[in-house]
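J.: Starting off with a structure, shown below.
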Amino acid sequence: MLLSWSAGSVLSENVEKVGRRIRELREERGWTQGELALFLGRTQTAVSYWEAGKRAPGLDDLVDLARVFAVPISDLIAQDAARSLPTLLRAVAEEVDSAQLGKDLERFVAKAAAMPSPQILWQINGAGARDTAEALLAAAAVTTAPVPVHALAEGCGVRVLSWDFADVDGLVVQLPEGAVIGVNENQYDRRQRFTVAHELGHHLLSHAESFHVDFGGELSPAATGEHPDYNWRNERAANDFAANLLMPAAVVRTEFTKTADVNELADLFDVSPAAMGFRLTNLRLR
């Protein structure tokens, strides 16, 4: 499956639809074309051309439009254009000013699209983070540690692909063939297990229509103080899902009666001692 990263052809084919959407969002807010141009740092002529379908906004324009309107970039693109996942991912790379990220994502999506689709064993309806994790564990009949997180993801129809990312901890993308979780292969094994669980949480809890990227390294929220489309509630929910999935409350309580040593429990559940420590505290076991 050949995936094009060129936004120009996609947007030009849908330029009138994109223009109508820009006008709709502007009018919903009661702004004039001049006011929108001022907020964007563009000319009123440019806004007028976009809305009339005479010119397609570039990726930098889309990023600024999404910021000013406070909507996802996908909300600005016509439905047919929004299906171009590479276009949206390239926009994210542009937004964080990382050319290497764009190249990494391009190669990742091409590889992910070529992966065979796994058989879906369980249909899990997302509810709260804990309930969703417990529903998956029950469907898979998991009652012991360590939890086979990769197998659980594949049983939900989600493929897992390790990748040599520089500034991405993990991501989940929605492809026509099904969702794919990307995990940074440079992280240690237990961190990768948590990343898979975290991204599976984003997927099952429907946090992303097309994709979700969790940045790390120099692009992490801690390093930059910001994050494209960062939603702390979704991040907390994904973390809660991962903790409940990898360290099921009933199993942790059972094993805690045998040993209260955090390191021993961490080894048993194949998680970090820090993650196990937090889990014990949350379960009021210490």
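Ordering of the structure tokens sets the chain letters (A, B, ...), residue numbers begin anew at 1 in every chain, and ligands are numbered from 1 in the order given.
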Using only C-alpha atoms, determine which residues lie at most 9 Å from Thr195 (chain A), disregarding the query and same-chain residues fewer than 5 positions distant; provide the list as a list of chain:residue names.
T.: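 So the residues in contact are A:Asp169, A:Gly170, A:Leu171, A:Gly182, A:Val183, A:Asn184, A:Arg190, A:Leu200, A:Ala242.
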J.: Write out, as a PDB file, in the first residue's frame, the residues just selected, with C-alpha atoms.
T.:
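Result file follows (result-v6.pdb):
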ATOM      1  CA  ASP A 169       7.365   7.238  23.331  1.00  0.00           C
ATOM      2  CA  GLY A 170       4.429   5.627  21.575  1.00  0.00           C
ATOM      3  CA  LEU A 171       1.514   6.231  19.250  1.00  0.00           C
ATOM      4  CA  GLY A 182       3.881   2.040  17.691  1.00  0.00           C
ATOM      5  CA  VAL A 183       6.304   1.644  20.583  1.00  0.00           C
ATOM      6  CA  ASN A 184       9.807   3.069  20.897  1.00  0.00           C
ATOM      7  CA  ARG A 190       9.034  -2.851  30.934  1.00  0.00           C
ATOM      8  CA  LEU A 200      -4.250   0.506  23.812  1.00  0.00           C
ATOM      9  CA  ALA A 242      -2.574   0.727  31.708  1.00  0.00           C
TER      10      ALA A 242
END
J.: Which residues are close to region 40-53 of chain A, i.e. within 6 Å by only C-alpha atoms, leaving aside same-chain residues fewer than 6 positions away? Reply as a compact mmCIF listing (two decimals) with N, CA and C atoms, in the first residue's frame.
T.:
# COMPACT_ATOMS: atom_id res chain seq x y z
N VAL A 15 -10.55 21.52 -2.02
CA VAL A 15 -10.35 22.90 -1.62
C VAL A 15 -11.66 23.62 -1.32
N GLU A 16 -12.71 23.34 -2.08
CA GLU A 16 -13.98 24.01 -1.82
C GLU A 16 -14.59 23.55 -0.49
N GLY A 19 -12.67 25.14 2.28
CA GLY A 19 -13.06 26.55 2.38
C GLY A 19 -14.39 26.72 3.08
N ARG A 20 -15.37 25.86 2.75
CA ARG A 20 -16.67 25.96 3.41
C ARG A 20 -16.54 25.70 4.91
N ARG A 23 -15.15 28.75 6.63
CA ARG A 23 -16.19 29.78 6.76
C ARG A 23 -17.19 29.42 7.87
N GLN A 33 -13.91 38.09 8.26
CA GLN A 33 -12.71 37.59 7.62
C GLN A 33 -11.48 38.37 8.09
N GLY A 34 -11.65 39.67 8.29
CA GLY A 34 -10.54 40.49 8.75
C GLY A 34 -10.08 40.09 10.15
J.: Which residue out of A:Glu28, A:Glu134, A:Glu106, A:Asp75 has the minimum interatomic distance to Asp240 (chain A) when only C-alpha atoms are used?
T.: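 For Asp240 (chain A), the nearest of the given residues is A:Glu134.
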J.: Applying 8 Å and only C-alpha atoms, which residues near region 115-122 of chain A remain after dropping the ones on its own chain fewer than 4 positions away? List them as a VMD selection string.
T.: chain A and resid 111 136 139 to 140 154 to 159 177 to 178
J.: Rank nothing, just name the residue among A:His150, A:Arg193, A:Arg279, A:Lys103 nearest to Val252 (chain A), using only C-alpha atoms.
T.: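 For Val252 (chain A), the nearest of the given residues is A:Arg279.
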J.: Just asking: which residues within region 46-205 of chain A are strand (DSSP E) according to DSSP, as a list of chain:residue names?
T.: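 Restricting region 46-205 of chain A to strand (DSSP E) produces A:Arg159, A:Val160, A:Leu161, A:Ser162, A:Trp163, A:Val168, A:Asp169, A:Gly170, A:Leu171, A:Val172, A:Val173, A:Gln174, A:Leu175, A:Gly178, A:Ala179, A:Val180, A:Ile181, A:Gly182, A:Val183, A:Asn184.
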J.: Restricting the output to C-alpha atoms, write the selected residues as an mmCIF file, in the first residue's frame.
T.:
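Contents of out12.cif, freshly written:
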data_model
loop_
_atom_site.group_PDB
_atom_site.id
_atom_site.type_symbol
_atom_site.label_atom_id
_atom_site.label_comp_id
_atom_site.auth_asym_id
_atom_site.auth_seq_id
_atom_site.Cartn_x
_atom_site.Cartn_y
_atom_site.Cartn_z
ATOM 1 C CA ARG A 159 -1.214 -4.672 15.822
ATOM 2 C CA VAL A 160 1.960 -3.696 17.702
ATOM 3 C CA LEU A 161 5.051 -2.472 15.880
ATOM 4 C CA SER A 162 8.352 -1.580 17.564
ATOM 5 C CA TRP A 163 10.162 1.318 15.908
ATOM 6 C CA VAL A 168 8.140 9.540 20.415
ATOM 7 C CA ASP A 169 7.365 7.238 23.331
ATOM 8 C CA GLY A 170 4.429 5.627 21.575
ATOM 9 C CA LEU A 171 1.514 6.231 19.250
ATOM 10 C CA VAL A 172 -1.626 4.626 17.921
ATOM 11 C CA VAL A 173 -2.844 5.148 14.348
ATOM 12 C CA GLN A 174 -6.142 4.123 12.781
ATOM 13 C CA LEU A 175 -5.570 2.536 9.366
ATOM 14 C CA GLY A 178 -7.131 -1.678 11.662
ATOM 15 C CA ALA A 179 -5.334 0.163 14.437
ATOM 16 C CA VAL A 180 -1.567 -0.096 14.953
ATOM 17 C CA ILE A 181 0.345 0.765 18.118
ATOM 18 C CA GLY A 182 3.881 2.040 17.691
ATOM 19 C CA VAL A 183 6.304 1.644 20.583
ATOM 20 C CA ASN A 184 9.807 3.069 20.897
#
J.: At what distance in Å, to one decimal, does CA of Phe108 (chain A) lie from CA of Asp270 (chain A)?
T.: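 Atom-to-atom, CA of Asp270 (chain A) to CA of Phe108 (chain A), that is 26.8 Å.
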J.: Return the single residue from A:Gly277, A:His203, A:Arg21, A:Ala266 that is closest to Pro146 (chain A), with distances computed using only C-alpha atoms.
T.: A:Ala266
J.: Give me the residues near Ala238 (chain A) as a ChimeraX atom specification, where near means some atom within 6 Å (using only C-alpha atoms) and where sequence neighbours in that chain fewer than 2 positions away do not count.
T.: /A:198,201-202,235-236,240-241
J.: In Å, rounded to a single decimal, give me how far CA of Asn244 (chain A) is from CA of Phe194 (chain A).
T.: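 Answer for the CA of Phe194 (chain A) to CA of Asn244 (chain A) separation: 10.9 Å.
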J.: Could you state the separation of CA of Ala145 (chain A) and CA of Glu255 (chain A) in Å, given to one decimal place?
T.: 9.2 Å
